[in-house]
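Pasted below: coords.txt, compact mmCIF, C-alpha atoms.
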```txt
# COMPACT_ATOMS: atom_id res chain seq x y z
CA MET J 1 15.34 1.08 158.57
CA SER J 2 17.50 3.44 156.58
CA PHE J 3 17.66 3.77 152.82
CA SER J 4 20.29 5.19 150.51
CA PHE J 5 20.58 5.84 146.81
CA ASN J 6 23.00 7.16 144.21
CA PHE J 7 22.56 10.25 142.09
CA ASP J 8 24.54 12.64 139.92
CA VAL J 9 24.88 16.31 140.88
CA GLN J 10 26.28 18.82 138.38
CA LEU J 11 28.57 20.67 140.76
CA THR J 12 32.11 20.82 142.01
CA THR J 13 32.98 21.26 145.68
CA LYS J 14 36.30 22.60 146.74
CA GLY J 15 37.76 22.17 150.20
CA GLN J 16 39.32 24.94 152.22
CA GLU J 17 42.80 23.95 151.09
CA GLY J 18 41.74 24.06 147.43
CA GLU J 19 41.39 20.38 146.68
CA GLU J 20 38.41 19.42 144.54
CA SER J 21 36.09 16.49 145.13
CA GLN J 22 34.34 15.28 142.04
CA GLN J 23 30.70 15.30 142.94
CA GLN J 24 30.20 16.63 139.44
CA THR J 25 30.81 13.35 137.67
CA GLY J 26 31.00 10.79 140.46
CA LYS J 27 28.21 9.15 142.37
CA GLN J 28 27.74 9.59 146.08
CA ASP J 29 25.46 7.93 148.61
CA TYR J 30 22.98 10.11 150.41
CA ALA J 31 20.68 8.89 153.13
CA VAL J 32 16.99 9.35 152.57
CA LYS J 33 15.26 11.06 155.47
CA THR J 34 13.84 8.34 157.67
CA VAL J 35 12.19 8.43 161.06
CA PRO J 36 12.07 5.49 163.45
CA GLY J 37 8.73 4.45 164.87
CA ASN J 38 5.48 6.30 164.17
CA THR J 39 6.54 8.90 161.64
CA THR J 40 3.29 10.65 160.85
CA THR J 41 2.47 11.86 164.36
CA PRO J 42 3.89 15.27 165.27
CA ALA J 43 5.71 15.72 168.54
CA GLU J 44 3.44 16.64 171.46
CA THR J 45 5.71 19.44 172.61
CA VAL J 46 5.80 22.76 170.79
CA LYS J 47 9.18 24.07 169.67
CA ALA J 48 9.14 27.70 170.72
CA ALA J 49 10.40 30.14 168.11
CA VAL J 50 13.47 32.23 168.89
CA GLU J 51 15.33 34.88 166.91
CA HIS J 52 19.11 34.44 166.90
CA HIS J 53 21.55 37.30 166.49
CA PRO J 54 25.17 37.20 165.35
CA PRO J 55 27.49 37.28 168.38
CA ALA J 56 29.37 40.48 169.21
CA ASP J 57 32.60 38.66 168.38
CA PRO J 58 31.74 36.28 165.53
CA HIS J 59 35.28 35.06 164.91
CA PHE J 60 35.08 32.22 167.43
CA LEU J 61 32.35 30.60 165.33
CA LEU J 62 34.85 30.22 162.50
CA ASN J 63 37.89 29.22 164.57
CA ASP J 64 39.49 26.11 163.05
CA ALA J 65 36.55 25.87 160.64
CA VAL J 66 36.97 23.61 157.62
CA SER J 67 34.78 24.79 154.78
CA GLU J 68 33.68 23.63 151.36
CA THR J 69 32.76 25.71 148.36
CA VAL J 70 30.00 24.69 145.99
CA THR J 71 30.06 26.22 142.53
CA ILE J 72 27.27 25.60 140.05
CA GLY J 73 27.59 27.13 136.60
CA THR J 74 27.50 30.92 136.77
CA LEU J 75 26.27 31.10 140.36
CA PRO J 76 28.53 32.85 142.87
CA PRO J 77 30.54 30.43 145.04
CA LEU J 78 28.71 29.36 148.20
CA HIS J 79 30.80 28.47 151.24
CA PHE J 80 29.65 26.17 154.03
CA LEU J 81 31.11 24.19 156.90
CA ASN J 82 32.31 20.73 155.98
CA GLU J 83 29.71 18.19 157.15
CA SER J 84 32.14 15.40 158.04
CA VAL J 85 34.35 17.67 160.12
CA PHE J 86 31.27 19.14 161.76
CA GLU J 87 30.12 15.68 162.83
CA ARG J 88 33.57 14.70 164.14
CA THR J 89 33.77 17.82 166.29
CA ALA J 90 30.19 17.55 167.58
CA SER J 91 31.32 16.92 171.16
CA GLU J 92 33.16 20.25 171.18
CA ARG J 93 30.13 22.31 170.16
CA ASN J 94 27.39 23.96 172.17
CA ASP J 95 24.28 21.82 171.81
CA ASP J 96 21.60 22.60 174.39
CA GLU J 97 19.14 20.48 172.39
CA ARG J 98 21.53 17.48 172.48
CA ILE J 99 20.68 16.72 168.86
CA LEU J 100 24.30 16.07 167.91
CA SER J 101 24.76 13.33 170.48
CA ARG J 102 21.29 11.87 169.98
CA THR J 103 21.54 11.57 166.22
CA ALA J 104 24.95 9.94 166.60
CA ALA J 105 23.64 7.49 169.20
CA GLN J 106 20.63 6.55 167.08
CA SER J 107 22.51 6.62 163.75
CA SER J 108 19.66 8.67 162.34
CA ASP J 109 19.54 11.73 160.11
CA LEU J 110 16.18 12.72 161.54
CA ILE J 111 14.30 12.28 164.83
CA SER J 112 10.74 13.52 164.45
CA GLY J 113 9.91 16.37 166.78
CA VAL J 114 13.49 16.49 168.05
CA TYR J 115 15.79 16.99 165.07
CA GLU J 116 14.51 17.64 161.57
CA GLY J 117 17.61 16.98 159.46
CA GLY J 118 19.06 20.49 159.23
CA LEU J 119 22.71 19.50 159.66
CA LYS J 120 22.86 17.84 156.22
CA VAL J 121 22.75 19.49 152.83
CA TRP J 122 20.12 17.36 151.12
CA GLU J 123 20.30 16.68 147.41
CA CYS J 124 17.12 18.55 146.46
CA THR J 125 18.82 21.77 147.57
CA TYR J 126 21.37 21.24 144.82
CA ASP J 127 18.54 20.59 142.35
CA LEU J 128 16.99 23.95 143.18
CA LEU J 129 20.35 25.72 142.93
CA GLU J 130 20.81 24.25 139.46
CA LEU J 131 17.35 25.42 138.41
CA LEU J 132 18.02 28.93 139.68
CA GLU J 133 21.29 28.99 137.75
CA ARG J 134 19.54 27.84 134.61
CA ASP J 135 16.76 30.43 134.92
CA GLY J 136 19.09 33.27 135.90
CA GLU J 137 17.12 34.52 138.93
CA THR J 138 18.93 37.54 140.42
CA PHE J 139 16.73 38.43 143.45
CA GLY J 140 17.45 42.16 143.08
CA GLY J 141 15.69 44.08 145.88
CA LYS J 142 13.52 41.12 146.89
CA ILE J 143 12.65 39.88 150.36
CA VAL J 144 13.45 36.19 150.70
CA LEU J 145 12.74 33.46 153.26
CA ASP J 146 14.73 30.22 153.42
CA LEU J 147 12.22 28.03 155.27
CA GLY J 148 13.69 24.89 156.84
CA CYS J 149 17.04 26.34 155.81
CA GLY J 150 19.61 23.96 157.32
CA ALA J 151 22.97 25.14 155.98
CA GLY J 152 21.21 28.09 154.33
CA LEU J 153 22.66 27.74 150.82
CA LEU J 154 19.49 28.91 149.08
CA GLY J 155 19.18 32.03 151.22
CA LEU J 156 22.89 32.74 150.86
CA LEU J 157 22.54 32.62 147.08
CA ALA J 158 19.73 35.18 147.27
CA LEU J 159 21.88 37.35 149.53
CA LYS J 160 24.79 37.27 147.09
CA ARG J 161 22.52 38.02 144.15
CA GLY J 162 21.02 41.23 145.44
CA ALA J 163 18.14 40.38 147.82
CA SER J 164 17.32 43.31 150.10
CA GLN J 165 16.46 41.03 153.02
CA VAL J 166 17.02 37.32 153.64
CA HIS J 167 15.54 35.47 156.61
CA PHE J 168 16.57 31.97 157.63
CA GLN J 169 14.39 29.56 159.63
CA ASP J 170 15.13 26.07 160.88
CA TYR J 171 13.44 23.86 163.45
CA ASN J 172 16.55 23.46 165.60
CA SER J 173 18.37 26.27 167.39
CA THR J 174 21.58 24.20 167.25
CA VAL J 175 21.39 24.19 163.45
CA ILE J 176 20.96 27.97 163.32
CA GLU J 177 23.70 28.72 165.85
CA GLN J 178 26.26 26.12 164.80
CA LEU J 179 25.69 25.93 161.04
CA THR J 180 23.47 28.56 159.41
CA LEU J 181 24.88 31.60 161.19
CA PRO J 182 28.51 30.49 160.78
CA ASN J 183 27.87 29.84 157.08
CA ALA J 184 26.47 33.37 156.66
CA LEU J 185 29.45 34.81 158.53
CA LEU J 186 31.82 32.69 156.44
CA ASN J 187 30.38 33.94 153.16
CA CYS J 188 30.50 37.55 154.35
CA GLN J 189 34.09 37.10 155.50
CA VAL J 190 35.21 35.56 152.21
CA GLU J 191 33.38 38.26 150.26
CA GLY J 192 35.05 40.90 152.44
CA GLU J 193 38.45 39.41 151.73
CA GLU J 194 37.72 39.35 148.00
CA GLU J 195 36.56 42.97 148.03
CA GLU J 196 39.63 44.02 150.02
CA GLU J 197 41.91 42.18 147.60
CA LYS J 198 40.23 43.83 144.61
CA GLY J 199 40.61 47.20 146.29
CA ARG J 200 44.28 46.53 147.03
CA LYS J 201 44.99 45.53 143.45
CA GLY J 202 43.12 48.53 142.08
CA LYS J 203 44.95 50.86 144.41
CA LYS J 204 48.30 49.30 143.51
CA GLN J 205 47.58 49.70 139.82
CA GLY J 206 46.59 53.33 140.35
CA LEU J 207 49.76 54.02 142.32
CA GLN J 208 51.88 52.46 139.59
CA GLU J 209 50.26 54.72 137.02
CA ASP J 210 50.80 57.76 139.24
CA ASP J 211 54.39 56.80 140.00
CA GLU J 212 55.27 56.96 136.33
CA THR J 213 54.61 60.73 136.37
CA ILE J 214 56.06 61.60 139.83
CA PRO J 215 59.60 63.06 139.98
CA GLU J 216 62.16 61.03 141.93
CA ASP J 217 62.52 63.51 144.84
CA LYS J 218 58.76 63.60 145.39
CA MET J 219 58.57 59.79 145.14
CA LYS J 220 60.86 59.50 148.19
CA MET J 221 58.56 61.82 150.16
CA LYS J 222 55.54 59.73 149.13
CA VAL J 223 57.11 56.46 150.29
CA GLN J 224 58.03 58.04 153.63
CA SER J 225 54.49 59.34 154.05
CA LYS J 226 53.03 55.86 153.47
CA SER J 227 55.44 54.39 156.02
CA ASP J 228 54.46 56.96 158.65
CA GLU J 229 50.76 56.38 157.91
CA LYS J 230 51.11 52.64 158.50
CA LYS J 231 52.95 53.19 161.80
CA ASN J 232 50.28 55.59 163.03
CA GLU J 233 47.55 53.11 162.08
CA GLN J 234 49.23 50.28 164.01
CA LYS J 235 49.75 52.56 167.01
CA LYS J 236 46.11 53.59 167.01
CA GLU J 237 44.94 49.96 166.97
CA GLY J 238 47.36 49.10 169.77
CA GLU J 239 45.88 51.88 171.92
CA GLY J 240 42.37 50.49 171.51
CA GLY J 241 41.32 52.73 168.66
CA SER J 242 39.10 51.80 165.74
CA PRO J 243 40.30 48.90 163.57
CA SER J 244 41.79 49.70 160.22
CA PRO J 245 39.55 49.69 157.14
CA LYS J 246 41.19 46.42 156.11
CA ARG J 247 40.41 44.81 159.45
CA GLN J 248 36.82 46.07 159.19
CA ALA J 249 36.51 44.62 155.69
CA LEU J 250 37.61 41.20 156.94
CA ASP J 251 35.24 41.30 159.92
CA PRO J 252 32.04 39.51 158.84
CA SER J 253 30.00 41.23 161.57
CA GLN J 254 30.76 44.56 159.85
CA HIS J 255 29.67 43.31 156.43
CA ALA J 256 26.72 45.25 155.07
CA LYS J 257 25.02 42.12 153.74
CA LEU J 258 24.89 40.51 157.17
CA THR J 259 22.67 43.34 158.36
CA CYS J 260 20.16 42.20 155.74
CA CYS J 261 19.82 38.80 157.46
CA ARG J 262 17.68 37.51 160.30
CA PHE J 263 17.81 34.04 161.83
CA PHE J 264 15.00 32.09 163.52
CA SER J 265 14.52 28.66 165.08
CA GLY J 266 11.35 26.87 166.17
CA ASP J 267 8.47 25.03 164.57
CA TRP J 268 6.53 26.70 161.80
CA THR J 269 3.49 27.51 163.95
CA THR J 270 5.46 29.36 166.62
CA PHE J 271 7.74 30.96 164.01
CA LEU J 272 4.69 32.36 162.24
CA ALA J 273 3.24 33.67 165.49
CA LEU J 274 6.55 35.31 166.41
CA VAL J 275 7.06 37.19 163.16
CA LEU J 276 3.42 38.28 162.87
CA LYS J 277 3.76 40.09 166.19
CA GLU J 278 5.81 42.71 164.37
CA ASP J 279 3.55 45.38 162.93
CA LEU J 280 5.83 46.07 159.98
CA PHE J 281 7.05 42.55 159.36
CA PRO J 282 7.38 42.17 155.58
CA LYS J 283 5.83 39.48 153.47
CA TYR J 284 8.19 37.54 151.25
CA ASP J 285 8.58 37.87 147.50
CA ILE J 286 10.30 34.47 147.40
CA ILE J 287 10.13 31.55 149.82
CA PHE J 288 12.54 28.66 149.40
CA THR J 289 11.73 25.35 151.05
CA SER J 290 13.70 22.20 150.29
CA GLU J 291 13.03 18.67 151.56
CA THR J 292 10.33 19.82 153.98
CA ILE J 293 7.29 17.77 152.91
CA TYR J 294 8.55 14.38 154.09
CA ASN J 295 6.04 14.19 156.97
CA THR J 296 2.34 14.55 156.17
CA ALA J 297 1.62 15.57 159.77
CA TYR J 298 3.40 18.88 159.13
CA TYR J 299 1.51 19.81 155.97
CA SER J 300 -1.10 21.97 157.68
CA ALA J 301 1.45 24.09 159.55
CA LEU J 302 3.59 24.46 156.43
CA HIS J 303 0.66 25.44 154.25
CA HIS J 304 -0.60 27.99 156.79
CA THR J 305 2.87 29.53 157.09
CA LEU J 306 3.24 29.86 153.34
CA HIS J 307 -0.27 31.29 153.04
CA ARG J 308 0.33 33.99 155.66
CA LEU J 309 3.87 34.98 154.72
CA LEU J 310 3.95 34.95 150.92
CA ALA J 311 3.48 38.37 149.34
CA PRO J 312 0.84 38.91 146.62
CA GLY J 313 2.50 37.94 143.37
CA GLY J 314 5.21 36.05 145.25
CA VAL J 315 6.50 32.56 144.53
CA VAL J 316 7.36 29.54 146.66
CA TYR J 317 10.12 27.32 145.29
CA LEU J 318 9.70 23.79 146.63
CA ALA J 319 12.33 21.10 146.02
CA THR J 320 11.32 17.60 147.04
CA LYS J 321 11.53 13.89 146.43
CA ALA J 322 8.61 12.14 144.81
CA HIS J 323 8.27 9.93 147.89
CA TYR J 324 10.04 9.64 151.24
CA PHE J 325 10.39 5.95 152.05
CA GLY J 326 9.94 5.17 155.72
CA VAL J 327 8.38 8.58 156.36
CA GLY J 328 5.30 8.65 154.16
CA GLY J 329 5.29 12.12 152.61
CA GLY J 330 6.11 13.23 149.10
CA LEU J 331 5.08 15.47 146.25
CA HIS J 332 1.91 13.62 145.24
CA LEU J 333 0.45 13.70 148.75
CA PHE J 334 1.37 17.36 149.23
CA GLU J 335 -0.12 18.25 145.85
CA GLN J 336 -3.38 16.58 146.89
CA PHE J 337 -3.31 18.50 150.17
CA MET J 338 -2.80 21.77 148.28
CA GLU J 339 -5.65 21.08 145.90
CA ASP J 340 -7.99 20.42 148.82
CA LYS J 341 -7.06 23.77 150.38
CA GLY J 342 -7.60 25.66 147.13
CA VAL J 343 -5.17 28.49 147.96
CA PHE J 344 -2.15 27.80 145.74
CA GLU J 345 -1.58 26.58 142.22
CA MET J 346 1.50 24.51 141.49
CA ASP J 347 3.72 24.49 138.41
CA LYS J 348 6.26 21.73 137.88
CA LEU J 349 9.57 23.27 136.84
CA TRP J 350 11.94 20.33 136.72
CA ASP J 351 11.76 16.56 137.13
CA VAL J 352 15.05 14.89 138.09
CA ASP J 353 15.10 11.21 137.22
CA GLN J 354 18.57 10.21 138.46
CA GLY J 355 18.32 7.90 141.47
CA LEU J 356 15.16 8.44 143.47
CA GLN J 357 12.87 10.73 141.49
CA ARG J 358 12.99 14.35 142.60
CA HIS J 359 11.10 17.49 141.60
CA VAL J 360 11.29 21.27 141.75
CA VAL J 361 7.97 23.09 141.67
CA ALA J 362 6.74 26.67 141.97
CA MET J 363 3.69 27.66 143.98
CA HIS J 364 1.67 30.84 143.41
CA PHE J 365 -1.55 32.15 144.88
CA LYS J 366 -4.61 31.37 142.83
CA THR J 367 -6.08 34.55 141.38
CA LYS J 368 -8.90 34.83 143.88
CA ASN J 369 -6.43 34.66 146.78
CA LYS J 370 -3.93 37.27 145.60
CA TYR J 371 -5.34 40.09 147.76
```
What do you get writing this file as structure tokens?
Amino acid sequence: MSFSFNFDVQLTTKGQEGEESQQQTGKQDYAVKTVPGNTTTPAETVKAAVEHHPPADPHFLLNDAVSETVTIGTLPPLHFLNESVFERTASERNDDERILSRTAAQSSDLISGVYEGGLKVWECTYDLLELLERDGETFGGKIVLDLGCGAGLLGLLALKRGASQVHFQDYNSTVIEQLTLPNALLNCQVEGEEEEEKGRKGKKQGLQEDDETIPEDKMKMKVQSKSDEKKNEQKKEGEGGSPSPKRQALDPSQHAKLTCCRFFSGDWTTFLALVLKEDLFPKYDIIFTSETIYNTAYYSALHHTLHRLLAPGGVVYLATKAHYFGVGGGLHLFEQFMEDKGVFEMDKLWDVDQGLQRHVVAMHFKTKNKY
């Protein structure tokens, strides 16, 4: 059985062509995560963790891409692939896990142990973005993990607001390769275009100021020099030389911020084992996790991952529904689980009462567990 509800989100999304859809004031149906059959039993098979790297030529990931832009208050714009278009072109995408065809065949947003809902941007993610905008978190120099990242909007915000490292993890490799990575590339590409445009305008303004003081005969020499420079640049590219600075700026793989990112797939247990193999693997100052406590069977693995990877003095931001109908999990059950473990303390930051009740909470180590 599937469930849906209405809620208000204070945001505006803008399509690639510039048209706005009024999610800000309108109501929209979102499916609640539901799992057919026995929903509290984890899958018997283990989902091996894998690290994914941006391809050598990332442009094909963005070919014919249709993107949306979410803007919330003073937050920087976040760009992501349009969900509807993504679903309609599922048959054209690489999907070794077959989650795209299976979710379509079963008309389900989640298949426990097979697909954990990462292709949708769930509403609690927007709640957490709104809270971060309200509190003015900047992430300067911090190491951030977006756990159960899906589209990766939370990690991308941290990246744009100064995080020194941002790692993305999702259960499904298809989600990372076909959604998270392209979204990161897309944001780097757009930012590169914006930086190049700012540089072009600044340079043009500087030239105009200089031109006012240059004699006419020298101005002709300057124009000729620029023309020759452009021809030499085009010739060099045609002979297989290095791309122009402009081309490099528009290439997301060359963007400095992308080098701050790492991408992982797999279940939380194998992800934890993989990253802990690295002697110098950093612990995280901030861990985001949104809509990940819907299944009580996963609580132990989630708790252990947070316990091992959160830095002393760090914070976990958890965005969740009060209860997940048809699945069984929710904030109250997870809070009880946390209290029994005695490792974290939880502070409620925001209760959202529109539609199905939702919450944003912060988790910190209890004093005795900080070191």
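Taking atom CA of Met363 of chain J and atom CA of Glu345 of chain J as endpoints, the distance between them is 5.7 Å.
Proximity to Lys283 of chain J was assessed for J:Asn183, J:Thr125, J:Gln165, J:Gln189 counting all atoms listed in the file; the smallest distance is recorded for J:Gln165.
Minimum atom-to-atom distance to Arg93 of chain J, evaluated using all atoms listed in the file, belongs to J:Leu61 out of J:Leu131, J:Leu61, J:Ala158, J:Val46.
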Exercise. Point out the residue among J:Thr292, J:Ser67, J:Asn187, J:Asn82 with the least atom-to-atom distance to Glu116 of chain J, counting only C-alpha atoms.
Key: J:Thr292
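Minimum distance to His59 of chain J across J:Ile287, J:Leu181, J:Gly330, J:Glu339 (counting all atoms listed in the file) occurs at J:Leu181.
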Quiz item: What does the distance from atom CA of Ser300 of chain J to atom CA of Phe337 of chain J come to in Å, to one decimal?
Solution: 8.6 Å
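Among the candidates J:Leu258, J:Leu75, J:Leu331, J:Ala273, the one nearest to Pro54 of chain J when counting only C-alpha atoms is J:Leu258.
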Could you pull the residues within 9 Å of His323 of chain J, counting all atoms listed in the file, minus those fewer than 6 positions along the same chain, as a PDB file with C-alpha atoms, keeping the file's coordinate frame?
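So the final result, stored in around-v7.pdb, reads:
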```
ATOM      1  CA  TYR J 294       8.550  14.380 154.090  1.00  0.00           C
ATOM      2  CA  GLY J 329       5.290  12.120 152.610  1.00  0.00           C
ATOM      3  CA  GLY J 330       6.110  13.230 149.100  1.00  0.00           C
ATOM      4  CA  LEU J 331       5.080  15.470 146.250  1.00  0.00           C
ATOM      5  CA  HIS J 332       1.910  13.620 145.240  1.00  0.00           C
ATOM      6  CA  LEU J 333       0.450  13.700 148.750  1.00  0.00           C
ATOM      7  CA  LEU J 356      15.160   8.440 143.470  1.00  0.00           C
ATOM      8  CA  GLN J 357      12.870  10.730 141.490  1.00  0.00           C
ATOM      9  CA  ARG J 358      12.990  14.350 142.600  1.00  0.00           C
TER      10      ARG J 358
END
```
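Within 12 Å of the point (5.7, 35.9, 165.1), counting only C-alpha atoms, the protein and nucleic acid residues come to Ala48, Ala49, Val50, Glu51, Phe264, Ser265, Gly266, Asp267, Trp268, Thr269, Thr270, Phe271, Leu272, Ala273, Leu274, Val275, Leu276, Lys277, Glu278, Asp279, Leu280, Phe281, Pro282, Thr305, Arg308 and Leu309 of chain J.
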Restrict the selected residues to C-alpha atoms and save them as a CSV table (one decimal), keeping the file's coordinate frame.
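To be explicit, this is the file written out as out_36.csv:
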```csv
chain,number,residue,atom,x,y,z
J,48,ALA,CA,9.1,27.7,170.7
J,49,ALA,CA,10.4,30.1,168.1
J,50,VAL,CA,13.5,32.2,168.9
J,51,GLU,CA,15.3,34.9,166.9
J,264,PHE,CA,15.0,32.1,163.5
J,265,SER,CA,14.5,28.7,165.1
J,266,GLY,CA,11.4,26.9,166.2
J,267,ASP,CA,8.5,25.0,164.6
J,268,TRP,CA,6.5,26.7,161.8
J,269,THR,CA,3.5,27.5,164.0
J,270,THR,CA,5.5,29.4,166.6
J,271,PHE,CA,7.7,31.0,164.0
J,272,LEU,CA,4.7,32.4,162.2
J,273,ALA,CA,3.2,33.7,165.5
J,274,LEU,CA,6.6,35.3,166.4
J,275,VAL,CA,7.1,37.2,163.2
J,276,LEU,CA,3.4,38.3,162.9
J,277,LYS,CA,3.8,40.1,166.2
J,278,GLU,CA,5.8,42.7,164.4
J,279,ASP,CA,3.6,45.4,162.9
J,280,LEU,CA,5.8,46.1,160.0
J,281,PHE,CA,7.0,42.6,159.4
J,282,PRO,CA,7.4,42.2,155.6
J,305,THR,CA,2.9,29.5,157.1
J,308,ARG,CA,0.3,34.0,155.7
J,309,LEU,CA,3.9,35.0,154.7
```
Quiz item: Between atom CA of Phe139 of chain J and atom CA of Tyr298 of chain J, what is the distance, to one decimal in Å?
Solution: 28.4 Å
Practice problem: Within 12 Å of Leu81 of chain J, counting only C-alpha atoms, which residues show up once you throw out same-chain ones fewer than 5 positions away? Write them as a PyMOL selection string, please. | Solution: chain J and resi 13-16+61-70+86-87+89+119-121+150-153+175+178-187
So that I have them on file, write out the residues from the current selection with C-alpha atoms, as an mmCIF file, in the coordinates of the input.
```cif
data_model
loop_
_atom_site.group_PDB
_atom_site.id
_atom_site.type_symbol
_atom_site.label_atom_id
_atom_site.label_comp_id
_atom_site.auth_asym_id
_atom_site.auth_seq_id
_atom_site.Cartn_x
_atom_site.Cartn_y
_atom_site.Cartn_z
ATOM 1 C CA THR J 13 32.980 21.260 145.680
ATOM 2 C CA LYS J 14 36.300 22.600 146.740
ATOM 3 C CA GLY J 15 37.760 22.170 150.200
ATOM 4 C CA GLN J 16 39.320 24.940 152.220
ATOM 5 C CA LEU J 61 32.350 30.600 165.330
ATOM 6 C CA LEU J 62 34.850 30.220 162.500
ATOM 7 C CA ASN J 63 37.890 29.220 164.570
ATOM 8 C CA ASP J 64 39.490 26.110 163.050
ATOM 9 C CA ALA J 65 36.550 25.870 160.640
ATOM 10 C CA VAL J 66 36.970 23.610 157.620
ATOM 11 C CA SER J 67 34.780 24.790 154.780
ATOM 12 C CA GLU J 68 33.680 23.630 151.360
ATOM 13 C CA THR J 69 32.760 25.710 148.360
ATOM 14 C CA VAL J 70 30.000 24.690 145.990
ATOM 15 C CA PHE J 86 31.270 19.140 161.760
ATOM 16 C CA GLU J 87 30.120 15.680 162.830
ATOM 17 C CA THR J 89 33.770 17.820 166.290
ATOM 18 C CA LEU J 119 22.710 19.500 159.660
ATOM 19 C CA LYS J 120 22.860 17.840 156.220
ATOM 20 C CA VAL J 121 22.750 19.490 152.830
ATOM 21 C CA GLY J 150 19.610 23.960 157.320
ATOM 22 C CA ALA J 151 22.970 25.140 155.980
ATOM 23 C CA GLY J 152 21.210 28.090 154.330
ATOM 24 C CA LEU J 153 22.660 27.740 150.820
ATOM 25 C CA VAL J 175 21.390 24.190 163.450
ATOM 26 C CA GLN J 178 26.260 26.120 164.800
ATOM 27 C CA LEU J 179 25.690 25.930 161.040
ATOM 28 C CA THR J 180 23.470 28.560 159.410
ATOM 29 C CA LEU J 181 24.880 31.600 161.190
ATOM 30 C CA PRO J 182 28.510 30.490 160.780
ATOM 31 C CA ASN J 183 27.870 29.840 157.080
ATOM 32 C CA ALA J 184 26.470 33.370 156.660
ATOM 33 C CA LEU J 185 29.450 34.810 158.530
ATOM 34 C CA LEU J 186 31.820 32.690 156.440
ATOM 35 C CA ASN J 187 30.380 33.940 153.160
#
```
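Omitting Met338 of chain J and its sequence neighbours fewer than 2 positions away, and counting all atoms listed in the file, the residues within 12 Å are Ile293, Thr296, Tyr299, Ser300, Leu302, His303, His304, Leu306, His307, Leu331, His332, Leu333, Phe334, Glu335, Gln336, Asp340, Lys341, Gly342, Val343, Phe344, Glu345, Met346, Met363, His364, Phe365 and Lys366 of chain J.
Nearest residue to Leu349 of chain J among J:Glu83, J:Asp109, J:Asp127, J:Glu97 is J:Asp127, counting only C-alpha atoms.
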Practice problem: Within 10 Å of Arg98 of chain J, counting all atoms listed in the file, which residues show up once you throw out same-chain ones fewer than 6 positions away? Write them as number ranges by chain, please. | Solution: J: 90-91, 114-115, 174
